[in-house]
Each structure stands twice: as C-alpha cells, then as structure tokens.
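Enquirer: I'm passing along run_26.csv; it holds CSV, N, CA and C atoms.
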chain,number,residue,atom,x,y,z
T,1,MET,N,-10.3,-8.5,18.3
T,1,MET,CA,-11.7,-8.1,18.4
T,1,MET,C,-12.6,-8.7,17.3
T,2,SER,N,-13.8,-8.9,17.6
T,2,SER,CA,-14.7,-9.5,16.6
T,2,SER,C,-15.3,-8.4,15.8
T,3,ASP,N,-15.8,-8.7,14.6
T,3,ASP,CA,-16.4,-7.7,13.8
T,3,ASP,C,-17.7,-7.2,14.4
T,4,ALA,N,-18.4,-8.0,15.1
T,4,ALA,CA,-19.7,-7.6,15.7
T,4,ALA,C,-19.4,-6.5,16.8
T,5,PHE,N,-18.3,-6.7,17.6
T,5,PHE,CA,-18.0,-5.8,18.6
T,5,PHE,C,-17.5,-4.4,18.0
T,6,GLU,N,-16.7,-4.5,16.9
T,6,GLU,CA,-16.3,-3.3,16.2
T,6,GLU,C,-17.4,-2.5,15.6
T,7,LYS,N,-18.4,-3.2,15.0
T,7,LYS,CA,-19.5,-2.6,14.4
T,7,LYS,C,-20.4,-1.9,15.5
T,8,ASP,N,-20.6,-2.6,16.6
T,8,ASP,CA,-21.3,-2.1,17.7
T,8,ASP,C,-20.6,-0.8,18.3
T,9,LEU,N,-19.3,-0.9,18.4
T,9,LEU,CA,-18.6,0.3,18.9
T,9,LEU,C,-18.7,1.4,17.9
T,10,ASP,N,-18.6,1.2,16.6
T,10,ASP,CA,-18.7,2.2,15.6
T,10,ASP,C,-20.1,2.8,15.7
T,11,ALA,N,-21.1,2.0,15.9
T,11,ALA,CA,-22.5,2.5,16.0
T,11,ALA,C,-22.7,3.4,17.3
T,12,GLN,N,-22.1,3.0,18.4
T,12,GLN,CA,-22.1,3.8,19.6
T,12,GLN,C,-21.4,5.1,19.4
T,13,ILE,N,-20.3,5.1,18.7
T,13,ILE,CA,-19.5,6.4,18.5
T,13,ILE,C,-20.4,7.3,17.6
T,14,LYS,N,-20.9,6.8,16.5
T,14,LYS,CA,-21.8,7.6,15.7
T,14,LYS,C,-23.0,8.2,16.4
T,15,ALA,N,-23.6,7.4,17.3
T,15,ALA,CA,-24.7,7.9,18.0
T,15,ALA,C,-24.4,9.0,18.9
T,16,ALA,N,-23.2,9.0,19.5
T,16,ALA,CA,-22.7,10.0,20.4
T,16,ALA,C,-22.3,11.3,19.8
T,17,LEU,N,-22.0,11.3,18.5
T,17,LEU,CA,-21.5,12.5,17.8
T,17,LEU,C,-22.6,13.4,17.4
T,18,THR,N,-22.3,14.7,17.4
T,18,THR,CA,-23.2,15.7,16.9
T,18,THR,C,-23.2,15.7,15.4
T,19,GLY,N,-24.0,16.5,14.7
T,19,GLY,CA,-24.1,16.6,13.3
T,19,GLY,C,-22.8,17.0,12.6
T,20,GLN,N,-22.1,18.0,13.2
T,20,GLN,CA,-20.8,18.4,12.6
T,20,GLN,C,-19.8,17.3,12.8
T,21,ASP,N,-19.8,16.7,13.9
T,21,ASP,CA,-18.8,15.6,14.2
T,21,ASP,C,-19.0,14.5,13.2
T,22,ARG,N,-20.3,14.2,12.9
T,22,ARG,CA,-20.6,13.1,11.9
T,22,ARG,C,-20.0,13.4,10.6
T,23,GLU,N,-20.1,14.7,10.2
T,23,GLU,CA,-19.6,15.1,8.9
T,23,GLU,C,-18.1,14.9,8.9
T,24,ILE,N,-17.4,15.3,9.9
T,24,ILE,CA,-16.0,15.1,10.0
T,24,ILE,C,-15.6,13.6,10.0
T,25,LEU,N,-16.4,12.8,10.7
T,25,LEU,CA,-16.1,11.4,10.7
T,25,LEU,C,-16.3,10.8,9.3
T,26,GLU,N,-17.3,11.2,8.6
T,26,GLU,CA,-17.6,10.7,7.2
T,26,GLU,C,-16.5,11.2,6.2
T,27,ALA,N,-16.0,12.5,6.4
T,27,ALA,CA,-15.0,13.1,5.5
T,27,ALA,C,-13.7,12.4,5.7
T,28,THR,N,-13.4,11.9,6.8
T,28,THR,CA,-12.1,11.2,7.1
T,28,THR,C,-12.2,9.7,7.3
T,29,GLN,N,-13.2,9.2,6.7
T,29,GLN,CA,-13.5,7.7,6.8
T,29,GLN,C,-12.3,6.9,6.3
T,30,GLU,N,-12.1,5.8,6.9
T,30,GLU,CA,-10.9,4.9,6.5
T,30,GLU,C,-11.1,4.4,5.1
T,31,LEU,N,-9.9,4.5,4.4
T,31,LEU,CA,-9.9,4.0,3.0
T,31,LEU,C,-9.7,2.5,2.9
T,32,GLY,N,-10.1,1.9,1.8
T,32,GLY,CA,-9.9,0.5,1.6
T,32,GLY,C,-8.5,0.2,1.1
T,33,TRP,N,-8.1,-1.0,1.0
T,33,TRP,CA,-6.8,-1.4,0.6
T,33,TRP,C,-6.4,-0.8,-0.7
T,34,PHE,N,-7.2,-1.0,-1.7
T,34,PHE,CA,-6.9,-0.5,-3.1
T,34,PHE,C,-6.9,1.0,-3.1
T,35,GLU,N,-7.8,1.6,-2.4
T,35,GLU,CA,-7.8,3.1,-2.4
T,35,GLU,C,-6.5,3.6,-1.8
T,36,LEU,N,-6.0,3.0,-0.7
T,36,LEU,CA,-4.7,3.4,-0.1
T,36,LEU,C,-3.6,3.2,-1.1
T,37,GLY,N,-3.6,2.1,-1.8
T,37,GLY,CA,-2.5,1.9,-2.8
T,37,GLY,C,-2.5,2.9,-3.9
T,38,PHE,N,-3.7,3.1,-4.5
T,38,PHE,CA,-3.8,4.1,-5.6
T,38,PHE,C,-3.5,5.5,-5.2
T,39,LYS,N,-3.7,5.8,-3.9
T,39,LYS,CA,-3.5,7.1,-3.4
T,39,LYS,C,-2.0,7.5,-3.4
T,40,GLN,N,-1.1,6.4,-3.4
T,40,GLN,CA,0.3,6.6,-3.4
T,40,GLN,C,0.8,7.3,-4.7
T,41,PHE,N,0.0,7.2,-5.8
T,41,PHE,CA,0.5,7.7,-7.1
T,41,PHE,C,0.2,9.2,-7.2
T,42,GLY,N,-0.4,9.8,-6.2
T,42,GLY,CA,-0.6,11.3,-6.3
T,42,GLY,C,0.2,12.0,-5.2
T,43,GLY,N,0.1,13.3,-5.2
T,43,GLY,CA,0.7,14.1,-4.1
T,43,GLY,C,2.1,14.4,-4.5
T,44,LYS,N,2.9,15.0,-3.5
T,44,LYS,CA,4.2,15.5,-3.8
T,44,LYS,C,5.2,14.3,-4.1
T,45,LEU,N,5.0,13.2,-3.5
T,45,LEU,CA,5.9,12.1,-3.8
T,45,LEU,C,5.3,11.0,-4.7
T,46,GLY,N,4.3,11.4,-5.4
T,46,GLY,CA,3.7,10.4,-6.3
T,46,GLY,C,4.6,10.0,-7.4
T,47,TRP,N,5.5,10.8,-7.8
T,47,TRP,CA,6.5,10.5,-8.9
T,47,TRP,C,7.4,9.4,-8.4
T,48,VAL,N,7.7,9.3,-7.1
T,48,VAL,CA,8.6,8.2,-6.6
T,48,VAL,C,7.9,6.9,-6.8
T,49,THR,N,6.6,6.9,-6.5
T,49,THR,CA,5.8,5.6,-6.6
T,49,THR,C,5.8,5.2,-8.1
T,50,TRP,N,5.6,6.2,-9.0
T,50,TRP,CA,5.6,5.8,-10.4
T,50,TRP,C,7.0,5.2,-10.8
T,51,VAL,N,8.1,5.8,-10.4
T,51,VAL,CA,9.4,5.3,-10.7
T,51,VAL,C,9.6,3.9,-10.1
T,52,VAL,N,9.2,3.7,-8.9
T,52,VAL,CA,9.4,2.4,-8.2
T,52,VAL,C,8.5,1.3,-9.0
T,53,MET,N,7.3,1.7,-9.3
T,53,MET,CA,6.5,0.7,-10.0
T,53,MET,C,7.0,0.4,-11.4
T,54,PHE,N,7.6,1.4,-12.1
T,54,PHE,CA,8.2,1.2,-13.4
T,54,PHE,C,9.4,0.3,-13.3
T,55,VAL,N,10.3,0.6,-12.4
T,55,VAL,CA,11.5,-0.3,-12.2
T,55,VAL,C,11.1,-1.7,-11.8
T,56,GLN,N,10.1,-1.8,-10.9
T,56,GLN,CA,9.6,-3.1,-10.4
T,56,GLN,C,9.1,-3.9,-11.5
T,57,THR,N,8.3,-3.3,-12.4
T,57,THR,CA,7.7,-4.0,-13.5
T,57,THR,C,8.8,-4.4,-14.5
T,58,ALA,N,9.8,-3.6,-14.8
T,58,ALA,CA,10.9,-4.0,-15.6
T,58,ALA,C,11.7,-5.2,-15.1
T,59,MET,N,11.9,-5.1,-13.8
T,59,MET,CA,12.6,-6.2,-13.1
T,59,MET,C,11.8,-7.5,-13.2
T,60,PHE,N,10.5,-7.4,-13.0
T,60,PHE,CA,9.6,-8.6,-13.0
T,60,PHE,C,9.6,-9.2,-14.4
T,61,ILE,N,9.6,-8.4,-15.5
T,61,ILE,CA,9.6,-8.9,-16.8
T,61,ILE,C,10.9,-9.5,-17.1
T,62,ALA,N,12.0,-8.9,-16.7
T,62,ALA,CA,13.3,-9.5,-16.9
T,62,ALA,C,13.5,-10.8,-16.2
T,63,ALA,N,12.9,-10.9,-15.0
T,63,ALA,CA,12.9,-12.1,-14.2
T,63,ALA,C,12.2,-13.3,-14.9
T,64,ILE,N,11.0,-12.9,-15.5
T,64,ILE,CA,10.3,-13.9,-16.3
T,64,ILE,C,11.1,-14.4,-17.5
T,65,TRP,N,11.7,-13.4,-18.2
T,65,TRP,CA,12.5,-13.8,-19.3
T,65,TRP,C,13.7,-14.7,-18.9
T,66,CYS,N,14.3,-14.4,-17.8
T,66,CYS,CA,15.4,-15.2,-17.3
T,66,CYS,C,14.9,-16.6,-16.9
T,67,ALA,N,13.7,-16.7,-16.3
T,67,ALA,CA,13.1,-17.9,-15.9
T,67,ALA,C,12.8,-18.8,-17.1
T,68,ILE,N,12.4,-18.2,-18.2
T,68,ILE,CA,12.1,-19.0,-19.4
T,68,ILE,C,13.4,-19.5,-20.0
T,69,ARG,N,14.5,-18.7,-20.0
T,69,ARG,CA,15.8,-19.2,-20.4
T,69,ARG,C,16.3,-20.3,-19.5
T,70,PHE,N,16.0,-20.2,-18.2
T,70,PHE,CA,16.5,-21.2,-17.2
T,70,PHE,C,15.8,-22.5,-17.5
T,71,PHE,N,14.5,-22.5,-17.8
T,71,PHE,CA,13.8,-23.8,-18.1
T,71,PHE,C,14.2,-24.3,-19.4
T,72,GLY,N,14.7,-23.5,-20.3
T,72,GLY,CA,15.1,-23.9,-21.6
T,72,GLY,C,16.6,-24.4,-21.7
T,73,ALA,N,17.3,-24.1,-20.6
T,73,ALA,CA,18.8,-24.5,-20.6
T,73,ALA,C,18.9,-26.0,-20.6
T,74,THR,N,19.9,-26.5,-21.3
T,74,THR,CA,20.2,-27.9,-21.3
T,74,THR,C,21.4,-28.3,-20.6
T,75,GLU,N,22.3,-27.3,-20.2
T,75,GLU,CA,23.5,-27.5,-19.5
T,75,GLU,C,23.4,-26.8,-18.1
T,76,VAL,N,24.3,-27.3,-17.2
T,76,VAL,CA,24.2,-26.8,-15.8
T,76,VAL,C,24.6,-25.4,-15.7
T,77,MET,N,25.7,-25.0,-16.3
T,77,MET,CA,26.2,-23.6,-16.0
T,77,MET,C,25.2,-22.5,-16.6
T,78,PRO,N,24.7,-22.7,-17.8
T,78,PRO,CA,23.7,-21.7,-18.3
T,78,PRO,C,22.4,-21.7,-17.4
T,79,ALA,N,22.1,-22.9,-17.0
T,79,ALA,CA,20.9,-23.0,-16.1
T,79,ALA,C,21.1,-22.3,-14.8
T,80,LEU,N,22.3,-22.4,-14.2
T,80,LEU,CA,22.6,-21.7,-13.0
T,80,LEU,C,22.6,-20.2,-13.2
T,81,LYS,N,23.2,-19.8,-14.3
T,81,LYS,CA,23.3,-18.3,-14.6
T,81,LYS,C,21.9,-17.8,-14.8
T,82,TRP,N,21.0,-18.4,-15.5
T,82,TRP,CA,19.7,-17.9,-15.7
T,82,TRP,C,18.8,-18.0,-14.5
T,83,GLY,N,18.9,-19.1,-13.8
T,83,GLY,CA,18.1,-19.3,-12.6
T,83,GLY,C,18.5,-18.4,-11.5
T,84,PHE,N,19.8,-18.1,-11.3
T,84,PHE,CA,20.2,-17.2,-10.3
T,84,PHE,C,19.8,-15.8,-10.7
T,85,SER,N,19.9,-15.4,-11.9
T,85,SER,CA,19.5,-14.1,-12.4
T,85,SER,C,18.0,-13.9,-12.2
T,86,SER,N,17.2,-14.9,-12.5
T,86,SER,CA,15.8,-14.8,-12.4
T,86,SER,C,15.4,-14.7,-10.9
T,87,THR,N,16.0,-15.4,-10.0
T,87,THR,CA,15.7,-15.3,-8.6
T,87,THR,C,16.1,-14.0,-8.0
T,88,VAL,N,17.2,-13.4,-8.4
T,88,VAL,CA,17.6,-12.1,-7.8
T,88,VAL,C,16.7,-11.0,-8.4
T,89,LEU,N,16.4,-11.1,-9.6
T,89,LEU,CA,15.5,-10.1,-10.2
T,89,LEU,C,14.1,-10.2,-9.6
T,90,MET,N,13.6,-11.4,-9.4
T,90,MET,CA,12.3,-11.5,-8.8
T,90,MET,C,12.2,-11.0,-7.3
T,91,LEU,N,13.3,-11.4,-6.6
T,91,LEU,CA,13.4,-10.9,-5.2
T,91,LEU,C,13.5,-9.3,-5.1
T,92,GLY,N,14.3,-8.8,-6.1
T,92,GLY,CA,14.4,-7.3,-6.1
T,92,GLY,C,13.1,-6.7,-6.5
T,93,ALA,N,12.4,-7.2,-7.4
T,93,ALA,CA,11.1,-6.7,-7.8
T,93,ALA,C,10.1,-6.7,-6.6
T,94,LEU,N,10.1,-7.8,-5.9
T,94,LEU,CA,9.3,-8.0,-4.7
T,94,LEU,C,9.7,-7.0,-3.6
T,95,GLN,N,11.0,-6.8,-3.4
T,95,GLN,CA,11.4,-5.9,-2.4
T,95,GLN,C,11.0,-4.4,-2.7
T,96,MET,N,11.1,-4.1,-4.0
T,96,MET,CA,10.7,-2.7,-4.4
T,96,MET,C,9.2,-2.5,-4.2
T,97,LYS,N,8.4,-3.5,-4.5
T,97,LYS,CA,7.0,-3.3,-4.2
T,97,LYS,C,6.7,-3.2,-2.8
T,98,LEU,N,7.4,-4.0,-1.9
T,98,LEU,CA,7.1,-4.0,-0.5
T,98,LEU,C,7.7,-2.7,0.1
T,99,SER,N,8.5,-2.0,-0.6
T,99,SER,CA,9.1,-0.7,0.0
T,99,SER,C,8.0,0.3,0.1
T,100,LEU,N,6.9,0.2,-0.6
T,100,LEU,CA,5.8,1.1,-0.6
T,100,LEU,C,4.9,0.9,0.6
T,101,MET,N,5.0,-0.2,1.3
T,101,MET,CA,4.1,-0.6,2.4
T,101,MET,C,4.2,0.4,3.6
T,102,PRO,N,5.5,0.7,4.0
T,102,PRO,CA,5.6,1.7,5.1
T,102,PRO,C,4.9,3.0,4.8
T,103,GLN,N,4.9,3.5,3.6
T,103,GLN,CA,4.3,4.7,3.3
T,103,GLN,C,2.8,4.6,3.4
T,104,ILE,N,2.3,3.5,2.9
T,104,ILE,CA,0.8,3.3,3.0
T,104,ILE,C,0.4,3.3,4.5
T,105,GLN,N,1.2,2.6,5.4
T,105,GLN,CA,0.9,2.6,6.8
T,105,GLN,C,1.0,4.0,7.4
T,106,ALA,N,2.0,4.7,7.0
T,106,ALA,CA,2.2,6.1,7.5
T,106,ALA,C,1.0,7.0,7.1
T,107,ASP,N,0.5,6.8,5.9
T,107,ASP,CA,-0.7,7.5,5.4
T,107,ASP,C,-1.9,7.2,6.3
T,108,ARG,N,-2.1,5.9,6.6
T,108,ARG,CA,-3.2,5.6,7.5
T,108,ARG,C,-3.1,6.2,8.8
T,109,VAL,N,-1.9,6.2,9.4
T,109,VAL,CA,-1.7,6.9,10.8
T,109,VAL,C,-2.0,8.4,10.7
T,110,ILE,N,-1.4,9.0,9.6
T,110,ILE,CA,-1.6,10.5,9.5
T,110,ILE,C,-3.1,10.8,9.3
T,111,ARG,N,-3.8,10.0,8.6
T,111,ARG,CA,-5.2,10.2,8.4
T,111,ARG,C,-6.0,10.1,9.7
T,112,GLU,N,-5.7,9.2,10.5
T,112,GLU,CA,-6.3,9.1,11.8
T,112,GLU,C,-6.0,10.2,12.7
T,113,VAL,N,-4.7,10.7,12.7
T,113,VAL,CA,-4.3,11.9,13.5
T,113,VAL,C,-5.1,13.1,13.0
T,114,LYS,N,-5.2,13.3,11.7
T,114,LYS,CA,-6.0,14.4,11.2
T,114,LYS,C,-7.4,14.3,11.7
T,115,ARG,N,-8.0,13.1,11.7
T,115,ARG,CA,-9.3,12.9,12.1
T,115,ARG,C,-9.5,13.4,13.6
T,116,LEU,N,-8.5,13.0,14.4
T,116,LEU,CA,-8.6,13.4,15.8
T,116,LEU,C,-8.4,14.9,16.0
T,117,GLN,N,-7.5,15.5,15.2
T,117,GLN,CA,-7.3,16.9,15.2
T,117,GLN,C,-8.6,17.7,14.8
T,118,LEU,N,-9.3,17.2,13.8
T,118,LEU,CA,-10.5,17.9,13.4
T,118,LEU,C,-11.6,17.7,14.5
T,119,MET,N,-11.7,16.6,15.1
T,119,MET,CA,-12.7,16.4,16.2
T,119,MET,C,-12.4,17.3,17.4
T,120,VAL,N,-11.1,17.3,17.8
T,120,VAL,CA,-10.7,18.2,18.9
T,120,VAL,C,-10.9,19.7,18.6
T,121,ALA,N,-10.6,20.1,17.3
T,121,ALA,CA,-10.8,21.5,16.9
T,121,ALA,C,-12.2,21.8,16.9
T,122,SER,N,-13.1,20.9,16.5
T,122,SER,CA,-14.5,21.2,16.4
T,122,SER,C,-15.1,21.3,17.8
T,123,LYS,N,-14.5,20.7,18.8
T,123,LYS,CA,-15.0,20.8,20.2
T,123,LYS,C,-14.6,22.1,20.8
T,124,HIS,N,-13.6,22.8,20.3
T,124,HIS,CA,-13.1,24.0,20.9
T,124,HIS,C,-13.9,25.2,20.2
T,125,ASP,N,-14.6,25.0,19.1
T,125,ASP,CA,-15.3,26.1,18.5
T,125,ASP,C,-16.5,26.5,19.2
Could you render the structure from this file as structure tokens?
Expert:
Amino acid sequence: MSDAFEKDLDAQIKAALTGQDREILEATQELGWFELGFKQFGGKLGWVTWVVMFVQTAMFIAAIWCAIRFFGATEVMPALKWGFSSTVLMLGALQMKLSLMPQIQADRVIREVKRLQLMVASKHD
C-alpha cells in the first residue's frame, strides 16, 4: 500500500470516530522503532533485556579484540584461532540482539489487540 492511501484511510477512520474513540485511538497510538526498542527495558521481563544487552556488548567487545589480534597475527595458526574466535563471537552477539525482535513484534500485536478491545468495550458502554 502507498503512504497516501494509508494516510487517507487513517483520516477516514479518525473522521468516523466519536470523541471517546479518538481518545482511545490517541492513547494507543503506534510507537516508533526506537520507542519499541527502549520499551523492552521496562516491565516484568525488562531484566532479561538488560542481561541480553550486557552479554551481547561483552561478546561484541571480545569479538573486536579478537579481530585486532587476527589482523596483527603473522602466522597462519594464530590468525585462524583469532579470526575464528572473532567470527563466532560476532555472530553470537548478533544472534543475541536479534533474539529481542520477536518480543518487539509481540508487543506490537498485543498493543493492537488492546486497542481493538478498548474500542469494542467503548461501543458496549
């Protein structure tokens, strides 16, 4: 869909809503990318995100250190050792960071479901 169509559709939805519905729509507005990411650090499972980010950062720093040692190696075996270590650590750090993406997507879906629940509940009042 084009942006113009989505904006037009959003405008039509807003025009059709009553005052209370508009308040609900504004209160449950979609969050931006960074807002969704930073939201992961709070709540009941926020500590898990802190641990994942700490371990991911440690792995990334270790990967950079191994990469520096790799580029400084003058013989094949040490170069292989440091290069392989750097690669594995970098991929592990990337995988840990990507492990947070399903939770971000789940939060987006839950937010939309809550939005629908609020709108349906307001129609029954």
Enquirer: For Ser86 of chain T, which residue out of T:Ile64, T:Ala121, T:Val109, T:Val55 is the nearest one, using all atoms listed in the file?
Expert: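 Of T:Ile64, T:Ala121, T:Val109, T:Val55, the one nearest Ser86 of chain T, counting all atoms listed in the file, is T:Ile64.
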Enquirer: Between atom CA of Gly92 of chain T and atom N of Phe60 of chain T, what is the distance, to one decimal in Å?
Expert: 7.9 Å
Enquirer: Compile the contact shell of segment 33-38 of chain T as a list in words: residues with an atom at most 8 Å away, counting all atoms listed in the file, same-chain residues fewer than 2 positions apart removed.
Expert: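 Non-adjacent residues within range: Glu30, Leu31, Gln40, Phe41, Gly42, Gln103, Ile104, Asp107 and Arg108 of chain T.
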Enquirer: Expressed in Å to a single decimal, how great is the separation between atom CA of Ser99 of chain T and atom CA of Arg111 of chain T?
Expert: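 One can read the atom CA of Ser99 of chain T to atom CA of Arg111 of chain T distance as 19.8 Å.
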Enquirer: Using Å and a single decimal, report how far atom C of Val88 of chain T sits from atom N of Phe54 of chain T.
Expert: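 Here the two named atoms are 15.8 Å from each other.
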